[in-house]
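Participant: Data file query03.pdb (PDB, C-alpha atoms, pLDDT in the B column) is appended below.
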MODEL        1
ATOM      1  CA  MET A   1      20.150  -6.630  10.232  1.00 63.00           C
ATOM      2  CA  GLY A   2      18.572  -7.134  13.630  1.00 90.00           C
ATOM      3  CA  LEU A   3      15.646  -9.328  14.580  1.00 96.00           C
ATOM      4  CA  THR A   4      13.068  -8.958  17.329  1.00 98.00           C
ATOM      5  CA  MET A   5      12.681 -12.251  19.181  1.00 98.00           C
ATOM      6  CA  LEU A   6       9.491 -12.994  21.118  1.00 98.00           C
ATOM      7  CA  TYR A   7       9.076 -15.874  23.565  1.00 98.00           C
ATOM      8  CA  PHE A   8       5.891 -17.255  25.095  1.00 98.00           C
ATOM      9  CA  ALA A   9       4.805 -19.622  27.898  1.00 98.00           C
ATOM     10  CA  TRP A  10       7.599 -21.861  29.284  1.00 98.00           C
ATOM     11  CA  VAL A  11      10.009 -20.737  26.572  1.00 98.00           C
ATOM     12  CA  ARG A  12       9.648 -17.174  27.906  1.00 98.00           C
ATOM     13  CA  GLU A  13      10.138 -18.363  31.472  1.00 98.00           C
ATOM     14  CA  ARG A  14      13.288 -20.343  30.691  1.00 98.00           C
ATOM     15  CA  VAL A  15      14.852 -17.594  28.572  1.00 98.00           C
ATOM     16  CA  GLY A  16      13.998 -15.118  31.319  1.00 98.00           C
ATOM     17  CA  ALA A  17      12.521 -12.505  28.959  1.00 98.00           C
ATOM     18  CA  GLY A  18       9.552 -12.174  26.632  1.00 98.00           C
ATOM     19  CA  GLU A  19      11.379 -10.097  24.044  1.00 98.00           C
ATOM     20  CA  GLU A  20      14.908  -9.300  22.937  1.00 98.00           C
ATOM     21  CA  ARG A  21      16.765  -7.820  19.963  1.00 98.00           C
ATOM     22  CA  VAL A  22      19.354 -10.075  18.350  1.00 98.00           C
ATOM     23  CA  ASP A  23      21.726  -9.771  15.409  1.00 96.00           C
ATOM     24  CA  PRO A  24      22.476 -13.259  14.096  1.00 96.00           C
ATOM     25  CA  PRO A  25      25.455 -13.836  11.768  1.00 95.00           C
ATOM     26  CA  GLU A  26      24.848 -14.443   8.059  1.00 93.00           C
ATOM     27  CA  GLY A  27      25.290 -18.170   8.437  1.00 95.00           C
ATOM     28  CA  VAL A  28      22.025 -18.351  10.425  1.00 96.00           C
ATOM     29  CA  GLN A  29      19.420 -18.817   7.696  1.00 96.00           C
ATOM     30  CA  THR A  30      16.522 -20.785   9.187  1.00 98.00           C
ATOM     31  CA  VAL A  31      14.464 -20.765  12.380  1.00 98.00           C
ATOM     32  CA  ALA A  32      16.216 -23.997  13.418  1.00 98.00           C
ATOM     33  CA  GLY A  33      19.602 -22.357  12.842  1.00 98.00           C
ATOM     34  CA  LEU A  34      18.492 -19.340  14.845  1.00 98.00           C
ATOM     35  CA  ILE A  35      17.403 -21.567  17.747  1.00 98.00           C
ATOM     36  CA  GLU A  36      20.769 -23.312  17.714  1.00 97.00           C
ATOM     37  CA  TRP A  37      22.626 -19.986  17.633  1.00 98.00           C
ATOM     38  CA  LEU A  38      20.465 -18.498  20.424  1.00 98.00           C
ATOM     39  CA  SER A  39      21.137 -21.517  22.656  1.00 98.00           C
ATOM     40  CA  ALA A  40      24.662 -20.220  23.265  1.00 97.00           C
ATOM     41  CA  ARG A  41      23.483 -16.858  24.662  1.00 96.00           C
ATOM     42  CA  SER A  42      22.757 -18.064  28.207  1.00 97.00           C
ATOM     43  CA  ASP A  43      21.933 -21.114  30.309  1.00 98.00           C
ATOM     44  CA  GLY A  44      18.291 -20.010  30.149  1.00 98.00           C
ATOM     45  CA  HIS A  45      18.313 -19.972  26.345  1.00 98.00           C
ATOM     46  CA  ALA A  46      19.996 -23.377  26.321  1.00 98.00           C
ATOM     47  CA  ALA A  47      17.292 -24.770  28.644  1.00 98.00           C
ATOM     48  CA  ALA A  48      14.480 -23.244  26.588  1.00 98.00           C
ATOM     49  CA  PHE A  49      15.788 -24.604  23.280  1.00 98.00           C
ATOM     50  CA  ALA A  50      17.167 -27.973  24.431  1.00 96.00           C
ATOM     51  CA  ALA A  51      14.406 -29.971  22.694  1.00 95.00           C
ATOM     52  CA  PRO A  52      13.525 -28.358  19.332  1.00 95.00           C
ATOM     53  CA  SER A  53      10.829 -30.992  18.689  1.00 94.00           C
ATOM     54  CA  ARG A  54       8.833 -29.338  21.508  1.00 95.00           C
ATOM     55  CA  LEU A  55       9.096 -25.888  19.923  1.00 97.00           C
ATOM     56  CA  ARG A  56       6.944 -24.060  17.404  1.00 97.00           C
ATOM     57  CA  ALA A  57       7.628 -20.788  15.628  1.00 98.00           C
ATOM     58  CA  ALA A  58       6.150 -17.815  13.831  1.00 98.00           C
ATOM     59  CA  ILE A  59       7.831 -15.378  11.448  1.00 98.00           C
ATOM     60  CA  ASP A  60       6.224 -11.939  11.305  1.00 98.00           C
ATOM     61  CA  GLN A  61       3.128 -13.347  13.055  1.00 97.00           C
ATOM     62  CA  ARG A  62       2.599 -16.370  10.786  1.00 96.00           C
ATOM     63  CA  PHE A  63       3.146 -19.954  11.919  1.00 97.00           C
ATOM     64  CA  VAL A  64       6.117 -21.560  10.145  1.00 97.00           C
ATOM     65  CA  PRO A  65       7.930 -24.901  10.394  1.00 97.00           C
ATOM     66  CA  LEU A  66      11.329 -24.816  12.082  1.00 97.00           C
ATOM     67  CA  ASP A  67      13.112 -25.312   8.750  1.00 97.00           C
ATOM     68  CA  ALA A  68      11.575 -22.082   7.375  1.00 98.00           C
ATOM     69  CA  ALA A  69      14.018 -19.539   5.910  1.00 98.00           C
ATOM     70  CA  LEU A  70      14.489 -16.285   7.801  1.00 96.00           C
ATOM     71  CA  ASN A  71      15.055 -14.091   4.760  1.00 90.00           C
ATOM     72  CA  GLY A  72      13.624 -10.678   5.450  1.00 90.00           C
ATOM     73  CA  ALA A  73      12.118 -11.633   8.827  1.00 96.00           C
ATOM     74  CA  ARG A  74      11.654  -8.766  11.274  1.00 97.00           C
ATOM     75  CA  GLU A  75       9.986 -10.597  14.169  1.00 98.00           C
ATOM     76  CA  VAL A  76      10.491 -14.252  15.089  1.00 98.00           C
ATOM     77  CA  ALA A  77       8.513 -15.889  17.901  1.00 98.00           C
ATOM     78  CA  ILE A  78       9.434 -19.186  19.573  1.00 98.00           C
ATOM     79  CA  PHE A  79       6.918 -20.973  21.787  1.00 98.00           C
ATOM     80  CA  PRO A  80       5.498 -24.367  22.818  1.00 98.00           C
ATOM     81  CA  PRO A  81       2.597 -25.962  20.883  1.00 97.00           C
ATOM     82  CA  VAL A  82      -0.518 -23.813  21.331  1.00 97.00           C
ATOM     83  CA  THR A  83      -3.242 -24.799  23.845  1.00 96.00           C
ATOM     84  CA  GLY A  84      -6.091 -22.301  23.487  1.00 94.00           C
ATOM     85  CA  GLY A  85      -9.835 -22.836  23.350  1.00 93.00           C
TER
ATOM     86  CA  MET B  86     -20.862  -9.484  10.957  1.00 93.00           C
ATOM     87  CA  ILE B  87     -17.508 -10.690  12.229  1.00 97.00           C
ATOM     88  CA  ARG B  88     -16.657 -10.007  15.852  1.00 97.00           C
ATOM     89  CA  VAL B  89     -13.278 -11.071  17.316  1.00 98.00           C
ATOM     90  CA  SER B  90     -12.311 -10.175  20.858  1.00 98.00           C
ATOM     91  CA  VAL B  91      -9.350 -11.163  23.050  1.00 98.00           C
ATOM     92  CA  ASP B  92      -9.956  -9.641  26.448  1.00 98.00           C
ATOM     93  CA  PRO B  93      -9.363 -10.266  30.171  1.00 98.00           C
ATOM     94  CA  ALA B  94     -12.991  -9.305  30.960  1.00 98.00           C
ATOM     95  CA  PRO B  95     -15.573 -12.047  31.680  1.00 98.00           C
ATOM     96  CA  ILE B  96     -17.597 -13.202  28.646  1.00 98.00           C
ATOM     97  CA  ALA B  97     -21.191 -11.922  28.640  1.00 97.00           C
ATOM     98  CA  LEU B  98     -22.963 -14.852  27.021  1.00 97.00           C
ATOM     99  CA  GLY B  99     -26.395 -13.256  26.632  1.00 97.00           C
ATOM    100  CA  VAL B 100     -24.994 -10.166  24.955  1.00 97.00           C
ATOM    101  CA  GLU B 101     -22.935 -12.249  22.526  1.00 97.00           C
ATOM    102  CA  VAL B 102     -25.837 -14.530  21.539  1.00 97.00           C
ATOM    103  CA  ALA B 103     -28.270 -11.631  21.171  1.00 97.00           C
ATOM    104  CA  ALA B 104     -25.870  -9.844  18.806  1.00 97.00           C
ATOM    105  CA  LEU B 105     -25.760 -12.931  16.566  1.00 97.00           C
ATOM    106  CA  GLU B 106     -29.568 -13.221  16.556  1.00 96.00           C
ATOM    107  CA  GLU B 107     -29.989  -9.646  15.354  1.00 94.00           C
ATOM    108  CA  GLY B 108     -28.649 -10.270  11.849  1.00 85.00           C
ATOM    109  CA  GLY B 109     -31.734 -11.978  10.417  1.00 90.00           C
ATOM    110  CA  ALA B 110     -30.399 -15.518  10.826  1.00 94.00           C
ATOM    111  CA  GLY B 111     -32.616 -18.579  10.873  1.00 96.00           C
ATOM    112  CA  GLY B 112     -30.175 -20.420  13.107  1.00 97.00           C
ATOM    113  CA  VAL B 113     -27.538 -19.500  15.658  1.00 98.00           C
ATOM    114  CA  ALA B 114     -25.096 -22.119  17.014  1.00 98.00           C
ATOM    115  CA  THR B 115     -22.790 -21.486  19.942  1.00 98.00           C
ATOM    116  CA  PHE B 116     -19.949 -23.197  21.803  1.00 98.00           C
ATOM    117  CA  THR B 117     -18.800 -22.115  25.256  1.00 98.00           C
ATOM    118  CA  GLY B 118     -15.562 -23.400  26.802  1.00 97.00           C
ATOM    119  CA  VAL B 119     -15.489 -23.406  30.614  1.00 95.00           C
ATOM    120  CA  VAL B 120     -12.594 -23.857  33.076  1.00 93.00           C
ATOM    121  CA  ARG B 121     -12.724 -27.446  34.355  1.00 87.00           C
ATOM    122  CA  THR B 122     -12.046 -28.477  37.937  1.00 78.00           C
ATOM    123  CA  ASP B 123      -9.980 -31.576  37.043  1.00 78.00           C
ATOM    124  CA  ASP B 124      -7.070 -32.707  39.173  1.00 76.00           C
ATOM    125  CA  GLY B 125      -7.263 -29.980  41.777  1.00 86.00           C
ATOM    126  CA  VAL B 126      -6.919 -27.124  39.292  1.00 89.00           C
ATOM    127  CA  GLU B 127      -7.834 -23.916  41.107  1.00 91.00           C
ATOM    128  CA  ALA B 128      -7.372 -21.452  38.290  1.00 94.00           C
ATOM    129  CA  LEU B 129      -6.320 -21.199  34.676  1.00 95.00           C
ATOM    130  CA  GLU B 130      -4.122 -18.530  33.114  1.00 97.00           C
ATOM    131  CA  LEU B 131      -4.237 -17.775  29.409  1.00 98.00           C
ATOM    132  CA  GLU B 132      -1.278 -16.172  27.653  1.00 98.00           C
ATOM    133  CA  HIS B 133      -1.388 -15.098  24.001  1.00 98.00           C
ATOM    134  CA  TYR B 134       0.579 -13.406  21.223  1.00 98.00           C
ATOM    135  CA  PRO B 135      -0.966  -9.928  20.905  1.00 98.00           C
ATOM    136  CA  GLY B 136      -1.579  -8.977  17.297  1.00 97.00           C
ATOM    137  CA  MET B 137      -1.057 -12.447  15.870  1.00 98.00           C
ATOM    138  CA  THR B 138      -3.918 -13.840  17.966  1.00 98.00           C
ATOM    139  CA  GLU B 139      -6.478 -11.375  16.659  1.00 98.00           C
ATOM    140  CA  ALA B 140      -5.244 -11.840  13.077  1.00 98.00           C
ATOM    141  CA  ALA B 141      -5.460 -15.638  13.380  1.00 98.00           C
ATOM    142  CA  LEU B 142      -9.007 -15.488  14.772  1.00 98.00           C
ATOM    143  CA  CYS B 143     -10.115 -13.044  12.056  1.00 98.00           C
ATOM    144  CA  ALA B 144      -8.667 -15.339   9.376  1.00 98.00           C
ATOM    145  CA  LEU B 145     -10.604 -18.290  10.819  1.00 98.00           C
ATOM    146  CA  ALA B 146     -13.822 -16.256  10.993  1.00 98.00           C
ATOM    147  CA  GLU B 147     -13.429 -15.089   7.384  1.00 98.00           C
ATOM    148  CA  ALA B 148     -12.765 -18.657   6.214  1.00 98.00           C
ATOM    149  CA  ALA B 149     -15.933 -19.848   7.970  1.00 98.00           C
ATOM    150  CA  VAL B 150     -18.054 -17.040   6.490  1.00 98.00           C
ATOM    151  CA  ALA B 151     -16.831 -17.909   2.991  1.00 98.00           C
ATOM    152  CA  ARG B 152     -17.239 -21.682   3.392  1.00 98.00           C
ATOM    153  CA  TRP B 153     -20.715 -21.711   4.991  1.00 98.00           C
ATOM    154  CA  ASN B 154     -22.099 -18.393   3.744  1.00 97.00           C
ATOM    155  CA  LEU B 155     -22.597 -17.188   7.296  1.00 98.00           C
ATOM    156  CA  LEU B 156     -24.477 -14.080   8.368  1.00 98.00           C
ATOM    157  CA  GLY B 157     -22.454 -13.648  11.520  1.00 98.00           C
ATOM    158  CA  VAL B 158     -19.464 -15.015  13.466  1.00 98.00           C
ATOM    159  CA  SER B 159     -18.317 -14.150  16.984  1.00 98.00           C
ATOM    160  CA  ILE B 160     -15.118 -15.450  18.551  1.00 98.00           C
ATOM    161  CA  VAL B 161     -14.502 -14.164  22.056  1.00 98.00           C
ATOM    162  CA  HIS B 162     -11.469 -15.517  23.925  1.00 98.00           C
ATOM    163  CA  ARG B 163     -10.639 -14.565  27.453  1.00 98.00           C
ATOM    164  CA  VAL B 164      -6.999 -14.083  28.532  1.00 98.00           C
ATOM    165  CA  GLY B 165      -5.372 -13.668  31.922  1.00 98.00           C
ATOM    166  CA  ARG B 166      -6.353 -15.582  35.052  1.00 97.00           C
ATOM    167  CA  MET B 167      -9.748 -17.231  35.524  1.00 96.00           C
ATOM    168  CA  THR B 168     -11.169 -19.637  38.076  1.00 95.00           C
ATOM    169  CA  ALA B 169     -13.082 -22.928  37.761  1.00 90.00           C
ATOM    170  CA  GLY B 170     -16.498 -22.530  36.185  1.00 92.00           C
ATOM    171  CA  GLU B 171     -15.649 -19.311  34.355  1.00 96.00           C
ATOM    172  CA  ARG B 172     -15.926 -19.061  30.564  1.00 97.00           C
ATOM    173  CA  ILE B 173     -12.678 -19.218  28.584  1.00 97.00           C
ATOM    174  CA  VAL B 174     -13.999 -18.990  25.049  1.00 98.00           C
ATOM    175  CA  PHE B 175     -17.209 -18.319  23.157  1.00 98.00           C
ATOM    176  CA  VAL B 176     -17.758 -19.188  19.501  1.00 98.00           C
ATOM    177  CA  GLY B 177     -21.051 -18.325  17.827  1.00 98.00           C
ATOM    178  CA  THR B 178     -22.227 -18.563  14.239  1.00 98.00           C
ATOM    179  CA  ALA B 179     -25.367 -17.282  12.535  1.00 98.00           C
ATOM    180  CA  ALA B 180     -26.677 -18.701   9.269  1.00 98.00           C
ATOM    181  CA  ALA B 181     -29.863 -19.038   7.272  1.00 97.00           C
ATOM    182  CA  HIS B 182     -30.232 -22.669   8.403  1.00 96.00           C
ATOM    183  CA  ARG B 183     -29.070 -24.861  11.280  1.00 97.00           C
ATOM    184  CA  ARG B 184     -26.640 -27.126   9.413  1.00 97.00           C
ATOM    185  CA  GLU B 185     -24.390 -24.259   8.306  1.00 98.00           C
ATOM    186  CA  ALA B 186     -24.487 -22.739  11.789  1.00 98.00           C
ATOM    187  CA  LEU B 187     -23.701 -26.022  13.587  1.00 98.00           C
ATOM    188  CA  ASP B 188     -20.947 -27.186  11.226  1.00 98.00           C
ATOM    189  CA  SER B 189     -19.182 -23.826  11.124  1.00 98.00           C
ATOM    190  CA  CYS B 190     -19.296 -23.539  14.919  1.00 98.00           C
ATOM    191  CA  ALA B 191     -17.590 -26.944  15.261  1.00 98.00           C
ATOM    192  CA  TYR B 192     -15.039 -25.948  12.595  1.00 98.00           C
ATOM    193  CA  LEU B 193     -14.161 -22.743  14.407  1.00 98.00           C
ATOM    194  CA  ILE B 194     -13.547 -24.260  17.831  1.00 98.00           C
ATOM    195  CA  ASP B 195     -11.611 -27.209  16.364  1.00 97.00           C
ATOM    196  CA  ARG B 196      -9.368 -24.930  14.321  1.00 97.00           C
ATOM    197  CA  LEU B 197      -9.002 -22.322  17.055  1.00 97.00           C
ATOM    198  CA  LYS B 198      -7.311 -24.975  19.198  1.00 96.00           C
ATOM    199  CA  THR B 199      -4.492 -25.479  16.681  1.00 94.00           C
ATOM    200  CA  ASP B 200      -4.393 -22.207  14.702  1.00 96.00           C
ATOM    201  CA  ALA B 201      -4.423 -19.453  17.334  1.00 98.00           C
ATOM    202  CA  PRO B 202      -1.446 -18.608  19.586  1.00 98.00           C
ATOM    203  CA  PHE B 203      -2.800 -19.137  23.102  1.00 98.00           C
ATOM    204  CA  TRP B 204      -1.110 -21.002  25.955  1.00 98.00           C
ATOM    205  CA  LYS B 205      -2.813 -22.307  29.097  1.00 97.00           C
ATOM    206  CA  ARG B 206      -1.212 -22.594  32.510  1.00 96.00           C
ATOM    207  CA  GLU B 207      -2.937 -24.399  35.370  1.00 94.00           C
ATOM    208  CA  TRP B 208      -2.703 -23.167  38.941  1.00 93.00           C
ATOM    209  CA  LEU B 209      -2.767 -25.945  41.542  1.00 91.00           C
ATOM    210  CA  ALA B 210      -2.307 -25.953  45.295  1.00 89.00           C
ATOM    211  CA  GLY B 211       1.343 -26.949  44.858  1.00 87.00           C
ATOM    212  CA  GLY B 212       2.287 -24.582  42.029  1.00 93.00           C
ATOM    213  CA  THR B 213       1.682 -24.131  38.319  1.00 94.00           C
ATOM    214  CA  ARG B 214       2.076 -26.204  35.164  1.00 95.00           C
ATOM    215  CA  TRP B 215       1.811 -25.425  31.458  1.00 97.00           C
ATOM    216  CA  VAL B 216      -0.879 -27.425  29.678  1.00 95.00           C
ATOM    217  CA  GLU B 217       0.304 -29.817  26.941  1.00 92.00           C
ATOM    218  CA  PRO B 218      -1.737 -30.068  23.736  1.00 89.00           C
ATOM    219  CA  ARG B 219      -4.079 -33.059  23.537  1.00 87.00           C
ATOM    220  CA  ALA B 220      -3.261 -35.677  20.920  1.00 84.00           C
ATOM    221  CA  GLY B 221      -6.780 -35.479  19.464  1.00 88.00           C
ATOM    222  CA  ASP B 222      -6.662 -31.725  18.843  1.00 88.00           C
ATOM    223  CA  GLU B 223      -4.571 -31.960  15.666  1.00 86.00           C
ATOM    224  CA  GLU B 224      -6.815 -34.727  14.309  1.00 88.00           C
ATOM    225  CA  ALA B 225      -9.984 -32.773  15.069  1.00 89.00           C
ATOM    226  CA  ALA B 226      -8.628 -29.708  13.254  1.00 88.00           C
ATOM    227  CA  ALA B 227      -7.406 -31.788  10.291  1.00 89.00           C
ATOM    228  CA  VAL B 228     -10.920 -33.120   9.657  1.00 89.00           C
ATOM    229  CA  TRP B 229     -11.899 -29.710   8.290  1.00 89.00           C
ATOM    230  CA  SER B 230      -9.101 -29.256   5.741  1.00 82.00           C
TER
ENDMDL
END
Go ahead and render the structure in this file as structure tokens.

Facilitator:
Amino acid sequence: MGLTMLYFAWVRERVGAGEERVDPPEGVQTVAGLIEWLSARSDGHAAAFAAPSRLRAAIDQRFVPLDAALNGAREVAIFPPVTGG
Amino acid sequence: MIRVSVDPAPIALGVEVAALEEGGAGGVATFTGVVRTDDGVEALELEHYPGMTEAALCALAEAAVARWNLLGVSIVHRVGRMTAGERIVFVGTAAAHRREALDSCAYLIDRLKTDAPFWKREWLAGGTRWVEPRAGDEEAAAVWS
């Protein structure tokens, strides 16, 4: 089952795309596991995800901690801490 | 009345305040965020997560209406590129009395900073840099939980 990945701010810049479709293996069960798996896709992914403590995430447009389970997720977004207002 | 807008267009302050005053409120409180000119910053660029941003702002507005029994809430956030002195964000609340209006306005801007998916990038003479969150932002938002 495929996932839509969205990237924002410097994560988007390092990955080199704002959106991509991915199909992680069954062993990838959390956002943290997904980040680790995605890191192998390209040098850009590796650079974007090198420091997970600087990353935040949302599953299906809700903020989640990085240890959140992916089960049933359709859209996962990875981004730096938010800085609006 | 709940109004949430995420738009590249400049924020029309008078129009926003007048709309809040029309609902029969005894008090209207507003906060306006403006692009600073610190450290040689020439412009600011706001990126957001379309769909999630509007949902997050609506959820905050609904929470404020329920908690302070508000008559009106407006959250207007600009996105895209803006220059020093331009408005980034407007938060306005209308209530029967001043205390509810003032407290809910502070709540909304404090929580917006941590609960809505926006990212700021500064444009300087030598290039650009992504803004890091301020240490006090999480504490300010936590006060309201």

Participant: In terms of the shortest atom-to-atom distance over all atoms listed in the file, which of B:Ala179, B:Ala220, B:Val228, B:Leu131 is closest to chain A?

Facilitator: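 Of all the options, B:Leu131 lies closest to chain A.
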
Participant: For chain A, which residues have at least one atom within 12 Å of chain B, if we go by all atoms listed in the file? Write them as a PyMOL selection string, please.

Facilitator: chain A and resi 6-13+18-19+54-64+75-85

Participant: Report as a PDB file with C-alpha atoms, keeping the file's coordinate frame the full result of the PyMOL selection byres ((chain A and resi 23) around 10) when it is applied to this structure.

Facilitator:
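Once written, out-v2.pdb looks like this:
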ATOM      1  CA  MET A   1      20.150  -6.630  10.232  1.00 63.00           C
ATOM      2  CA  GLY A   2      18.572  -7.134  13.630  1.00 90.00           C
ATOM      3  CA  LEU A   3      15.646  -9.328  14.580  1.00 96.00           C
ATOM      4  CA  THR A   4      13.068  -8.958  17.329  1.00 98.00           C
ATOM      5  CA  ARG A  21      16.765  -7.820  19.963  1.00 98.00           C
ATOM      6  CA  VAL A  22      19.354 -10.075  18.350  1.00 98.00           C
ATOM      7  CA  PRO A  24      22.476 -13.259  14.096  1.00 96.00           C
ATOM      8  CA  PRO A  25      25.455 -13.836  11.768  1.00 95.00           C
ATOM      9  CA  GLU A  26      24.848 -14.443   8.059  1.00 93.00           C
ATOM     10  CA  VAL A  28      22.025 -18.351  10.425  1.00 96.00           C
TER      11      VAL A  28
END

Participant: Calculated over all atoms listed in the file, which of the candidates A:Ser42, A:Gln29, A:Ala48, A:Trp37 has the smallest distance to A:Leu70?

Facilitator: A:Gln29

Participant: Every residue with an atom at most 12 Å from (-23.7, -23.3, 9.2) (file coordinates; only C-alpha atoms) is what I'm after, so could you write them as a PyMOL selection string?

Facilitator: chain B and resi 110-115+149-158+177-193

Participant: Taking C-alpha atoms for each residue, export the selection above as a CSV table (one decimal), keeping the file's coordinate frame.

Facilitator:
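Result file follows (out-v8.csv):
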chain,number,residue,atom,x,y,z
B,110,ALA,CA,-30.4,-15.5,10.8
B,111,GLY,CA,-32.6,-18.6,10.9
B,112,GLY,CA,-30.2,-20.4,13.1
B,113,VAL,CA,-27.5,-19.5,15.7
B,114,ALA,CA,-25.1,-22.1,17.0
B,115,THR,CA,-22.8,-21.5,19.9
B,149,ALA,CA,-15.9,-19.8,8.0
B,150,VAL,CA,-18.1,-17.0,6.5
B,151,ALA,CA,-16.8,-17.9,3.0
B,152,ARG,CA,-17.2,-21.7,3.4
B,153,TRP,CA,-20.7,-21.7,5.0
B,154,ASN,CA,-22.1,-18.4,3.7
B,155,LEU,CA,-22.6,-17.2,7.3
B,156,LEU,CA,-24.5,-14.1,8.4
B,157,GLY,CA,-22.5,-13.6,11.5
B,158,VAL,CA,-19.5,-15.0,13.5
B,177,GLY,CA,-21.1,-18.3,17.8
B,178,THR,CA,-22.2,-18.6,14.2
B,179,ALA,CA,-25.4,-17.3,12.5
B,180,ALA,CA,-26.7,-18.7,9.3
B,181,ALA,CA,-29.9,-19.0,7.3
B,182,HIS,CA,-30.2,-22.7,8.4
B,183,ARG,CA,-29.1,-24.9,11.3
B,184,ARG,CA,-26.6,-27.1,9.4
B,185,GLU,CA,-24.4,-24.3,8.3
B,186,ALA,CA,-24.5,-22.7,11.8
B,187,LEU,CA,-23.7,-26.0,13.6
B,188,ASP,CA,-20.9,-27.2,11.2
B,189,SER,CA,-19.2,-23.8,11.1
B,190,CYS,CA,-19.3,-23.5,14.9
B,191,ALA,CA,-17.6,-26.9,15.3
B,192,TYR,CA,-15.0,-25.9,12.6
B,193,LEU,CA,-14.2,-22.7,14.4
